[in-house]
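**Q** Here you go, one structure.
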Amino acid sequence: MQVTEILIKSAKVVLTMDDARRELSEADVRLRGGQIVEIGTDLDSDGEIVLAQGCVVTPGLVNTHHHLYQTLTRAVPGGQDALLFGWLQTLYPIWSRFGPEEMNISAQIGLAELALSGCTLTSDHLYLYPNGARLDDTIDAAKEIGMRFHPTRGSMSIGESDGGLPPDSLVENEAAILNDTIRLIDAHHDASEGAMVRIGVAPCSPFSVSRELMRDAATLARDKGVMLHTHLAENEEDIAYSLEKFGCRPGQYAEDLGWTGEDVWHAHCVKLDGQEIDLFARSQTGVAHCPCSNCRLGSGIAPVRQMRDAGVPVGLGVDGSASNDAGNLVAEARQAMLLQRVSRGADAMSAREALEIATRGGAQVLGRSDCGQIAVGKRADIAIWDVSGIEAAGSWDPAALLLAGPTRVKHLFVEGRQVVRDGHVATIDLPRVIERQNALAQALMG
């Protein structure tokens with residue numbers, strides 16, 4: 001039964017990420033009807049009270065890029081030390097054996113892992129649909145867990161026989177792709193404030209779909225009022241491919257095909273140059289920064305400091321668990337902070353700025369002005385972090401979570417519903433799902 005009111009009581013610090021970036025000591029937050037309705041001190045309630053003494057309260061984190069199905073293919077030996085293109089060629093044959101159950105179970109695992117790391121809103125990029133699998137399989141998983149979800153209907157249409165990277169068995173007819181995209185938007189997309197599901201349009205990458213599909217996808221998305229997403233400028237191979245096949249850099253290719261604007265976000269963008277950064281800033285094109293995956297695949301360090309300084313909207317993404325190999329979003333925020341310091345100096349990014357990118361920044365990238373901050377009228381998506389444990393012992397600044405703090409939440413609320421309670425997922429039988437995930441992985445190995 002849904003509790004109508006919850007009062008989060010006596011938080012050590014509330015990091016609001018509101019317009020004033022207030023940090024409130026010994027504060028309370030009242031949740032009602034899926035919204036934040038009051039913030040103050042010494043508040044009373046006849047509803048459920050959640051004690052937050054010794055805890056830091058933040059907005060729920062926002063994940064802007066993932067491939068949830070890849071939780072079934074972590075640490076595959078043939079792909080452990082490969083660059084992007086070789087890594088993909090190792091994994092494509094395995095992914096071609098997936099079906100609806102693999103998609104659903106892997107999504108449950110990935111979403112649960114995100115929830116435990118403080119994430120309340122995540123996108124997903126599913127671009128292959130073998131053996132009857134559908135995007136609906138992952139939407140069902142998100143509904144069961146209670147995660148706010150922005151899945152994207154990905155696609156691949158150019159196989160090996162036509163000069164593309166994926167095997168022919170994993171590509172689809174372009175008309176069928178567009179028709180299924182329309183079906184999904186009509187069935188699941190909710191444009192209203194507080195929506196739990198929104199659909200995006202997401203051809204996989206410039207090297208796996210045609211120019212025509214990129215253009216048609218942009219036209220369809222704008223006709224339906226939904227957002228656009230793809231991979232762009234991930235590594236040097238990506239740049240070389242664009243120059244050879246299209247005669248221009250990825251940013252120019254994106255602009256030519258209608259893939260810039262505040263309704264577009266691109267994953268990675270590790271190799272954007274100064275002109276492309278300026279283009280994204282002018283057009284308010286978003287970027288999903290995926291630092292751990294970029295390290296794992298040797299792609300490089302994205303110029304996040306330059307992007308932020310120019311005004312490019314930037315959020316964080318854990319990317320797929322086959323290239324991370326984890327889905328811990330607060331750890332991703334720490335990695336983003338550290339990499340900018342490695343490349344630009346110790347003062348390049350503070351712990352608070354990295355946390356802002358992981359909350360408010362991600363919400364902006366996904367077009368969710370109703371999420372990403374603790375303010376009256378915003379959605380009741382709240383993460384509570386216990387800083388009384390060993391990870392923060394001796395810390396002089398409990399709000400500097402990314403320097404000294406836990407990487408697993410104590411409590412998590414999505415739309416006012418408790419998804420994590422005392423460090424455990426409260427909405428599904430997670431041990432049973434893990435057991436089934438491991439059985440499916442074992443079958444794929446065989």
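Chain labels follow the order of the structure tokens: the first chain is A, the next B, and so on; residue numbering restarts at 1 in every chain, and ligands are counted from 1 in their shown order.
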Just the residues within 10 Å of A:Arg344, please, counting only C-alpha atoms, with nothing from its chain fewer than 4 positions along; format it as an NGL selection string.
**A** :A and (303 or 305-306 or 338-340 or 348-349)
**Q** DSSP says helix (DSSP H, G or I) for which residues of stretch 324-424 of chain A? Put them as number ranges by chain?
**A** A: 329-344, 351-365, 390-392
**Q** Might you pull out every residue within 10 Å of A:Cys371, with only C-alpha atoms counted and same-chain residues fewer than 4 positions away left off, and present them as a list in words?
**A**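 Contacts, in chain order: Gln35, Pro59, Gly60, Leu61, Val62, Thr120, Leu121, Glu193, Gly194, Thr359, Arg360, Gly362, Ala363, Gln364, Leu366, Gly367, Ala375, Gly377, Lys378, Arg379, Ala380, Asp381, Ile382 and Glu415 of chain A.
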**Q** Pull N, CA, C and O atoms from the residues just selected and write them as a CSV table (one decimal), in the first residue's frame.
**A**
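Result written to result08.csv:
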```
chain,number,residue,atom,x,y,z
A,35,GLN,N,5.4,14.2,-4.7
A,35,GLN,CA,6.1,15.5,-4.7
A,35,GLN,C,6.8,15.9,-3.4
A,35,GLN,O,6.4,15.3,-2.4
A,59,PRO,N,19.2,14.9,-3.9
A,59,PRO,CA,18.3,14.4,-4.9
A,59,PRO,C,18.7,13.1,-5.4
A,59,PRO,O,19.9,12.7,-5.3
A,60,GLY,N,17.7,12.3,-5.9
A,60,GLY,CA,18.1,11.0,-6.5
A,60,GLY,C,19.0,11.3,-7.7
A,60,GLY,O,18.9,12.3,-8.4
A,61,LEU,N,20.0,10.4,-7.9
A,61,LEU,CA,20.9,10.6,-9.0
A,61,LEU,C,20.2,10.2,-10.3
A,61,LEU,O,19.3,9.5,-10.4
A,62,VAL,N,20.8,10.8,-11.4
A,62,VAL,CA,20.2,10.6,-12.8
A,62,VAL,C,21.2,10.0,-13.7
A,62,VAL,O,22.3,10.5,-13.9
A,120,THR,N,17.6,7.4,-9.2
A,120,THR,CA,16.1,7.3,-9.2
A,120,THR,C,15.5,7.4,-10.6
A,120,THR,O,14.4,7.1,-10.8
A,121,LEU,N,16.3,8.0,-11.5
A,121,LEU,CA,15.9,8.2,-12.9
A,121,LEU,C,17.0,7.7,-13.8
A,121,LEU,O,18.2,8.1,-13.7
A,193,GLU,N,4.3,16.1,-16.5
A,193,GLU,CA,5.2,16.3,-15.4
A,193,GLU,C,5.0,15.1,-14.4
A,193,GLU,O,3.9,14.6,-14.2
A,194,GLY,N,6.1,14.6,-13.9
A,194,GLY,CA,6.1,13.5,-13.0
A,194,GLY,C,6.0,12.2,-13.7
A,194,GLY,O,5.8,11.1,-13.0
A,359,THR,N,23.1,14.8,-10.6
A,359,THR,CA,21.7,15.0,-10.2
A,359,THR,C,21.0,16.0,-11.2
A,359,THR,O,20.4,15.7,-12.1
A,360,ARG,N,21.2,17.3,-10.9
A,360,ARG,CA,20.6,18.4,-11.7
A,360,ARG,C,21.0,18.3,-13.1
A,360,ARG,O,20.3,18.6,-14.0
A,362,GLY,N,22.1,15.7,-15.0
A,362,GLY,CA,21.4,14.6,-15.7
A,362,GLY,C,20.0,14.9,-16.0
A,362,GLY,O,19.5,14.6,-17.0
A,363,ALA,N,19.3,15.5,-15.0
A,363,ALA,CA,17.9,15.8,-15.2
A,363,ALA,C,17.7,16.8,-16.4
A,363,ALA,O,16.8,16.7,-17.2
A,364,GLN,N,18.6,17.8,-16.5
A,364,GLN,CA,18.6,18.8,-17.6
A,364,GLN,C,18.8,18.1,-18.9
A,364,GLN,O,18.0,18.3,-19.9
A,366,LEU,N,18.1,15.0,-19.7
A,366,LEU,CA,16.9,14.2,-20.1
A,366,LEU,C,15.6,15.0,-20.2
A,366,LEU,O,14.6,14.5,-20.3
A,367,GLY,N,15.8,16.4,-20.1
A,367,GLY,CA,14.6,17.2,-20.2
A,367,GLY,C,13.6,17.1,-19.1
A,367,GLY,O,12.4,17.3,-19.2
A,375,ALA,N,13.4,20.6,-3.9
A,375,ALA,CA,12.7,21.9,-3.8
A,375,ALA,C,11.2,21.6,-3.8
A,375,ALA,O,10.8,20.6,-4.4
A,377,GLY,N,7.6,21.3,-4.9
A,377,GLY,CA,7.0,21.2,-6.2
A,377,GLY,C,7.8,20.2,-7.1
A,377,GLY,O,7.2,19.8,-8.1
A,378,LYS,N,9.0,19.8,-6.8
A,378,LYS,CA,9.7,18.9,-7.6
A,378,LYS,C,9.3,17.5,-7.1
A,378,LYS,O,8.7,17.2,-6.1
A,379,ARG,N,9.7,16.5,-7.9
A,379,ARG,CA,9.3,15.1,-7.7
A,379,ARG,C,10.0,14.6,-6.4
A,379,ARG,O,11.1,14.9,-6.1
A,380,ALA,N,9.3,13.6,-5.8
A,380,ALA,CA,9.9,13.1,-4.5
A,380,ALA,C,10.8,11.9,-4.8
A,380,ALA,O,10.6,10.8,-4.5
A,381,ASP,N,11.9,12.3,-5.5
A,381,ASP,CA,13.0,11.4,-5.8
A,381,ASP,C,14.2,11.7,-4.9
A,381,ASP,O,14.9,12.7,-5.1
A,382,ILE,N,14.4,10.9,-3.8
A,382,ILE,CA,15.4,11.3,-2.8
A,382,ILE,C,16.3,10.1,-2.4
A,382,ILE,O,15.8,9.0,-2.3
A,415,GLU,N,9.3,8.9,-6.7
A,415,GLU,CA,7.9,9.4,-6.7
A,415,GLU,C,7.3,9.1,-5.3
A,415,GLU,O,6.1,8.8,-5.2
```
**Q** When you look at A:Leu430 with a cut-off of 9 Å (counting only C-alpha atoms), what residues show up, excluding the ones that are within fewer than 6 positions of it in the same chain? I need them as number ranges by chain.
**A** A: 108-109, 112, 424
**Q** Restrict the selected residues to N, CA, C and O atoms and save them as an mmCIF file, in the first residue's frame.
**A**
```cif
data_model
loop_
_atom_site.group_PDB
_atom_site.id
_atom_site.type_symbol
_atom_site.label_atom_id
_atom_site.label_comp_id
_atom_site.auth_asym_id
_atom_site.auth_seq_id
_atom_site.Cartn_x
_atom_site.Cartn_y
_atom_site.Cartn_z
ATOM 1 N N GLN A 108 16.255 -5.879 -14.747
ATOM 2 C CA GLN A 108 15.991 -5.848 -13.307
ATOM 3 C C GLN A 108 17.290 -5.750 -12.505
ATOM 4 O O GLN A 108 17.387 -4.963 -11.554
ATOM 5 N N ILE A 109 18.290 -6.515 -12.895
ATOM 6 C CA ILE A 109 19.578 -6.478 -12.194
ATOM 7 C C ILE A 109 20.219 -5.100 -12.330
ATOM 8 O O ILE A 109 20.677 -4.493 -11.350
ATOM 9 N N ALA A 112 18.266 -2.452 -10.310
ATOM 10 C CA ALA A 112 18.473 -2.630 -8.872
ATOM 11 C C ALA A 112 19.856 -2.130 -8.460
ATOM 12 O O ALA A 112 20.010 -1.480 -7.411
ATOM 13 N N HIS A 424 18.711 -2.269 1.204
ATOM 14 C CA HIS A 424 18.233 -3.416 0.431
ATOM 15 C C HIS A 424 17.091 -2.991 -0.492
ATOM 16 O O HIS A 424 16.237 -2.188 -0.095
#
```
**Q** Do you know which residues are at most 7 Å from stretch 205-207 of chain A counting only C-alpha atoms, after dropping those on the same chain fewer than 5 positions away, and could you put them as a PyMOL selection string?
**A** chain A and resi 164-165+230-232
**Q** Could the residues in this selection be saved with all heavy atoms as a PDB file, in the first residue's frame?
**A**
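Done, and the output landed in result_5.pdb:
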```
ATOM      1  N   GLY A 164      28.949  -2.303 -42.459  1.00  0.00           N
ATOM      2  CA  GLY A 164      28.763  -1.910 -41.065  1.00  0.00           C
ATOM      3  C   GLY A 164      29.519  -2.821 -40.118  1.00  0.00           C
ATOM      4  O   GLY A 164      30.156  -3.800 -40.531  1.00  0.00           O
ATOM      5  N   LEU A 165      29.419  -2.544 -38.846  1.00  0.00           N
ATOM      6  CA  LEU A 165      30.134  -3.328 -37.839  1.00  0.00           C
ATOM      7  C   LEU A 165      29.331  -4.529 -37.326  1.00  0.00           C
ATOM      8  O   LEU A 165      29.893  -5.606 -37.156  1.00  0.00           O
ATOM      9  CB  LEU A 165      30.529  -2.420 -36.668  1.00  0.00           C
ATOM     10  CG  LEU A 165      31.643  -2.932 -35.761  1.00  0.00           C
ATOM     11  CD1 LEU A 165      32.968  -3.034 -36.500  1.00  0.00           C
ATOM     12  CD2 LEU A 165      31.794  -2.007 -34.542  1.00  0.00           C
ATOM     13  N   THR A 230      22.034   9.069 -29.280  1.00  0.00           N
ATOM     14  CA  THR A 230      22.920   8.128 -29.979  1.00  0.00           C
ATOM     15  C   THR A 230      24.307   8.229 -29.373  1.00  0.00           C
ATOM     16  O   THR A 230      24.557   9.024 -28.464  1.00  0.00           O
ATOM     17  CB  THR A 230      22.950   8.406 -31.494  1.00  0.00           C
ATOM     18  OG1 THR A 230      23.573   7.313 -32.169  1.00  0.00           O
ATOM     19  CG2 THR A 230      23.704   9.686 -31.819  1.00  0.00           C
ATOM     20  N   HIS A 231      25.232   7.370 -29.862  1.00  0.00           N
ATOM     21  CA  HIS A 231      26.642   7.452 -29.490  1.00  0.00           C
ATOM     22  C   HIS A 231      27.349   8.405 -30.451  1.00  0.00           C
ATOM     23  O   HIS A 231      27.053   8.411 -31.648  1.00  0.00           O
ATOM     24  CB  HIS A 231      27.316   6.084 -29.618  1.00  0.00           C
ATOM     25  CG  HIS A 231      26.762   5.025 -28.714  1.00  0.00           C
ATOM     26  ND1 HIS A 231      25.745   4.181 -29.100  1.00  0.00           N
ATOM     27  CD2 HIS A 231      27.103   4.668 -27.459  1.00  0.00           C
ATOM     28  CE1 HIS A 231      25.483   3.338 -28.114  1.00  0.00           C
ATOM     29  NE2 HIS A 231      26.288   3.611 -27.101  1.00  0.00           N
ATOM     30  N   LEU A 232      28.316   9.150 -29.948  1.00  0.00           N
ATOM     31  CA  LEU A 232      29.031  10.081 -30.830  1.00  0.00           C
ATOM     32  C   LEU A 232      30.453  10.328 -30.311  1.00  0.00           C
ATOM     33  O   LEU A 232      30.652  10.506 -29.101  1.00  0.00           O
ATOM     34  CB  LEU A 232      28.293  11.421 -30.905  1.00  0.00           C
ATOM     35  CG  LEU A 232      28.633  12.295 -32.124  1.00  0.00           C
ATOM     36  CD1 LEU A 232      27.928  11.773 -33.377  1.00  0.00           C
ATOM     37  CD2 LEU A 232      28.259  13.747 -31.877  1.00  0.00           C
TER      38      LEU A 232
END
```
**Q** Could you check which of A:Val50, A:Leu444, A:Val76, A:Ala187 is closest to A:Leu88, using only C-alpha atoms?
**A** A:Val76
**Q** State, in Å with one decimal place, the distance from atom CA of A:Leu135 to atom CA of A:Ala439.
**A** 22.1 Å
**Q** My list of candidates is A:Asp422, A:Glu435, A:Asp168, A:Glu332. Which is closest to A:Leu402 when distances are computed with only C-alpha atoms?
**A**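 Under the stated criterion, the closest residue is A:Glu332.
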**Q** Nearest residue to A:Glu172 out of A:Glu101, A:Ile158, A:Ile374, A:Gly315, using only C-alpha atoms?
**A**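 Among the listed residues, the smallest separation from A:Glu172 belongs to A:Ile158.
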**Q** I want to know what sits within 12 Å of A:Ser157, based on only C-alpha atoms, with residues of the same chain fewer than 6 positions away left out; could you give that as a ChimeraX atom specification?
**A** /A:127-129,163-178,203-214
**Q** Between A:Cys269, A:Leu279, A:Leu31, A:Val57, which is the closest to A:Pro398 once you count only C-alpha atoms?
**A** A:Val57
**Q** Please identify which residues in stretch 118-207 of chain A DSSP calls strand (DSSP E) from the backbone, and express them as a PyMOL selection string.
**A** chain A and resi 119-126+148-155+200-203
**Q** Let's have the selection written as a PDB file, in the first residue's frame, with N, CA, C and O atoms.
**A**
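As a result, selection23.pdb now contains:
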```pdb
ATOM      1  N   CYS A 119      20.443   6.050  -7.589  1.00  0.00           N
ATOM      2  CA  CYS A 119      19.812   6.505  -8.834  1.00  0.00           C
ATOM      3  C   CYS A 119      18.298   6.325  -8.772  1.00  0.00           C
ATOM      4  O   CYS A 119      17.805   5.260  -8.397  1.00  0.00           O
ATOM      5  N   THR A 120      17.571   7.364  -9.167  1.00  0.00           N
ATOM      6  CA  THR A 120      16.103   7.312  -9.193  1.00  0.00           C
ATOM      7  C   THR A 120      15.530   7.432 -10.603  1.00  0.00           C
ATOM      8  O   THR A 120      14.372   7.093 -10.832  1.00  0.00           O
ATOM      9  N   LEU A 121      16.322   7.952 -11.542  1.00  0.00           N
ATOM     10  CA  LEU A 121      15.891   8.152 -12.928  1.00  0.00           C
ATOM     11  C   LEU A 121      17.007   7.681 -13.838  1.00  0.00           C
ATOM     12  O   LEU A 121      18.158   8.119 -13.700  1.00  0.00           O
ATOM     13  N   THR A 122      16.684   6.795 -14.768  1.00  0.00           N
ATOM     14  CA  THR A 122      17.703   6.327 -15.703  1.00  0.00           C
ATOM     15  C   THR A 122      17.151   6.225 -17.110  1.00  0.00           C
ATOM     16  O   THR A 122      15.992   5.888 -17.321  1.00  0.00           O
ATOM     17  N   SER A 123      18.007   6.528 -18.053  1.00  0.00           N
ATOM     18  CA  SER A 123      17.712   6.206 -19.441  1.00  0.00           C
ATOM     19  C   SER A 123      18.254   4.810 -19.733  1.00  0.00           C
ATOM     20  O   SER A 123      18.978   4.220 -18.926  1.00  0.00           O
ATOM     21  N   ASP A 124      17.888   4.265 -20.874  1.00  0.00           N
ATOM     22  CA  ASP A 124      18.474   3.010 -21.354  1.00  0.00           C
ATOM     23  C   ASP A 124      18.495   3.056 -22.875  1.00  0.00           C
ATOM     24  O   ASP A 124      17.588   3.622 -23.491  1.00  0.00           O
ATOM     25  N   HIS A 125      19.533   2.484 -23.460  1.00  0.00           N
ATOM     26  CA  HIS A 125      19.688   2.470 -24.914  1.00  0.00           C
ATOM     27  C   HIS A 125      19.739   1.008 -25.347  1.00  0.00           C
ATOM     28  O   HIS A 125      20.773   0.355 -25.232  1.00  0.00           O
ATOM     29  N   LEU A 126      18.600   0.498 -25.808  1.00  0.00           N
ATOM     30  CA  LEU A 126      18.515  -0.878 -26.294  1.00  0.00           C
ATOM     31  C   LEU A 126      18.421  -0.832 -27.816  1.00  0.00           C
ATOM     32  O   LEU A 126      17.449  -0.320 -28.372  1.00  0.00           O
ATOM     33  N   ARG A 148      12.088   5.465 -12.127  1.00  0.00           N
ATOM     34  CA  ARG A 148      11.673   6.396 -13.171  1.00  0.00           C
ATOM     35  C   ARG A 148      12.548   6.103 -14.396  1.00  0.00           C
ATOM     36  O   ARG A 148      13.771   6.072 -14.298  1.00  0.00           O
ATOM     37  N   PHE A 149      11.920   5.924 -15.575  1.00  0.00           N
ATOM     38  CA  PHE A 149      12.607   5.272 -16.692  1.00  0.00           C
ATOM     39  C   PHE A 149      12.445   6.064 -17.973  1.00  0.00           C
ATOM     40  O   PHE A 149      11.354   6.528 -18.299  1.00  0.00           O
ATOM     41  N   HIS A 150      13.560   6.226 -18.710  1.00  0.00           N
ATOM     42  CA  HIS A 150      13.553   6.875 -20.019  1.00  0.00           C
ATOM     43  C   HIS A 150      14.244   5.948 -21.024  1.00  0.00           C
ATOM     44  O   HIS A 150      15.364   6.214 -21.468  1.00  0.00           O
ATOM     45  N   PRO A 151      13.585   4.841 -21.390  1.00  0.00           N
ATOM     46  CA  PRO A 151      14.186   3.929 -22.362  1.00  0.00           C
ATOM     47  C   PRO A 151      14.153   4.525 -23.757  1.00  0.00           C
ATOM     48  O   PRO A 151      13.255   5.309 -24.097  1.00  0.00           O
ATOM     49  N   THR A 152      15.125   4.156 -24.567  1.00  0.00           N
ATOM     50  CA  THR A 152      15.173   4.648 -25.943  1.00  0.00           C
ATOM     51  C   THR A 152      15.126   3.473 -26.905  1.00  0.00           C
ATOM     52  O   THR A 152      15.773   2.441 -26.679  1.00  0.00           O
ATOM     53  N   ARG A 153      14.361   3.656 -27.973  1.00  0.00           N
ATOM     54  CA  ARG A 153      14.245   2.601 -28.992  1.00  0.00           C
ATOM     55  C   ARG A 153      15.462   2.742 -29.921  1.00  0.00           C
ATOM     56  O   ARG A 153      15.477   3.511 -30.877  1.00  0.00           O
ATOM     57  N   GLY A 154      16.495   1.966 -29.597  1.00  0.00           N
ATOM     58  CA  GLY A 154      17.688   1.947 -30.435  1.00  0.00           C
ATOM     59  C   GLY A 154      17.489   1.073 -31.658  1.00  0.00           C
ATOM     60  O   GLY A 154      16.468   0.391 -31.802  1.00  0.00           O
ATOM     61  N   SER A 155      18.508   1.077 -32.530  1.00  0.00           N
ATOM     62  CA  SER A 155      18.394   0.297 -33.755  1.00  0.00           C
ATOM     63  C   SER A 155      19.743   0.207 -34.454  1.00  0.00           C
ATOM     64  O   SER A 155      20.611   1.071 -34.287  1.00  0.00           O
ATOM     65  N   GLY A 200      12.470   7.523 -25.897  1.00  0.00           N
ATOM     66  CA  GLY A 200      13.333   8.278 -26.794  1.00  0.00           C
ATOM     67  C   GLY A 200      13.608   7.493 -28.068  1.00  0.00           C
ATOM     68  O   GLY A 200      13.367   6.281 -28.138  1.00  0.00           O
ATOM     69  N   VAL A 201      14.109   8.185 -29.076  1.00  0.00           N
ATOM     70  CA  VAL A 201      14.435   7.584 -30.371  1.00  0.00           C
ATOM     71  C   VAL A 201      15.954   7.566 -30.496  1.00  0.00           C
ATOM     72  O   VAL A 201      16.598   8.606 -30.360  1.00  0.00           O
ATOM     73  N   ALA A 202      16.540   6.367 -30.792  1.00  0.00           N
ATOM     74  CA  ALA A 202      17.986   6.256 -30.591  1.00  0.00           C
ATOM     75  C   ALA A 202      18.683   5.281 -31.545  1.00  0.00           C
ATOM     76  O   ALA A 202      19.157   4.218 -31.129  1.00  0.00           O
ATOM     77  N   PRO A 203      18.790   5.608 -32.850  1.00  0.00           N
ATOM     78  CA  PRO A 203      19.667   4.808 -33.702  1.00  0.00           C
ATOM     79  C   PRO A 203      21.028   4.632 -33.027  1.00  0.00           C
ATOM     80  O   PRO A 203      21.540   5.576 -32.408  1.00  0.00           O
TER      81      PRO A 203
END
```
**Q** Would you mind listing what lies within 7 Å of A:Leu68 as a list of chain:residue names, with only C-alpha atoms counted and same-chain residues fewer than 6 positions away left out?
**A** A:Ser106, A:Ala107, A:Gly110, A:Asp124, A:Gly320
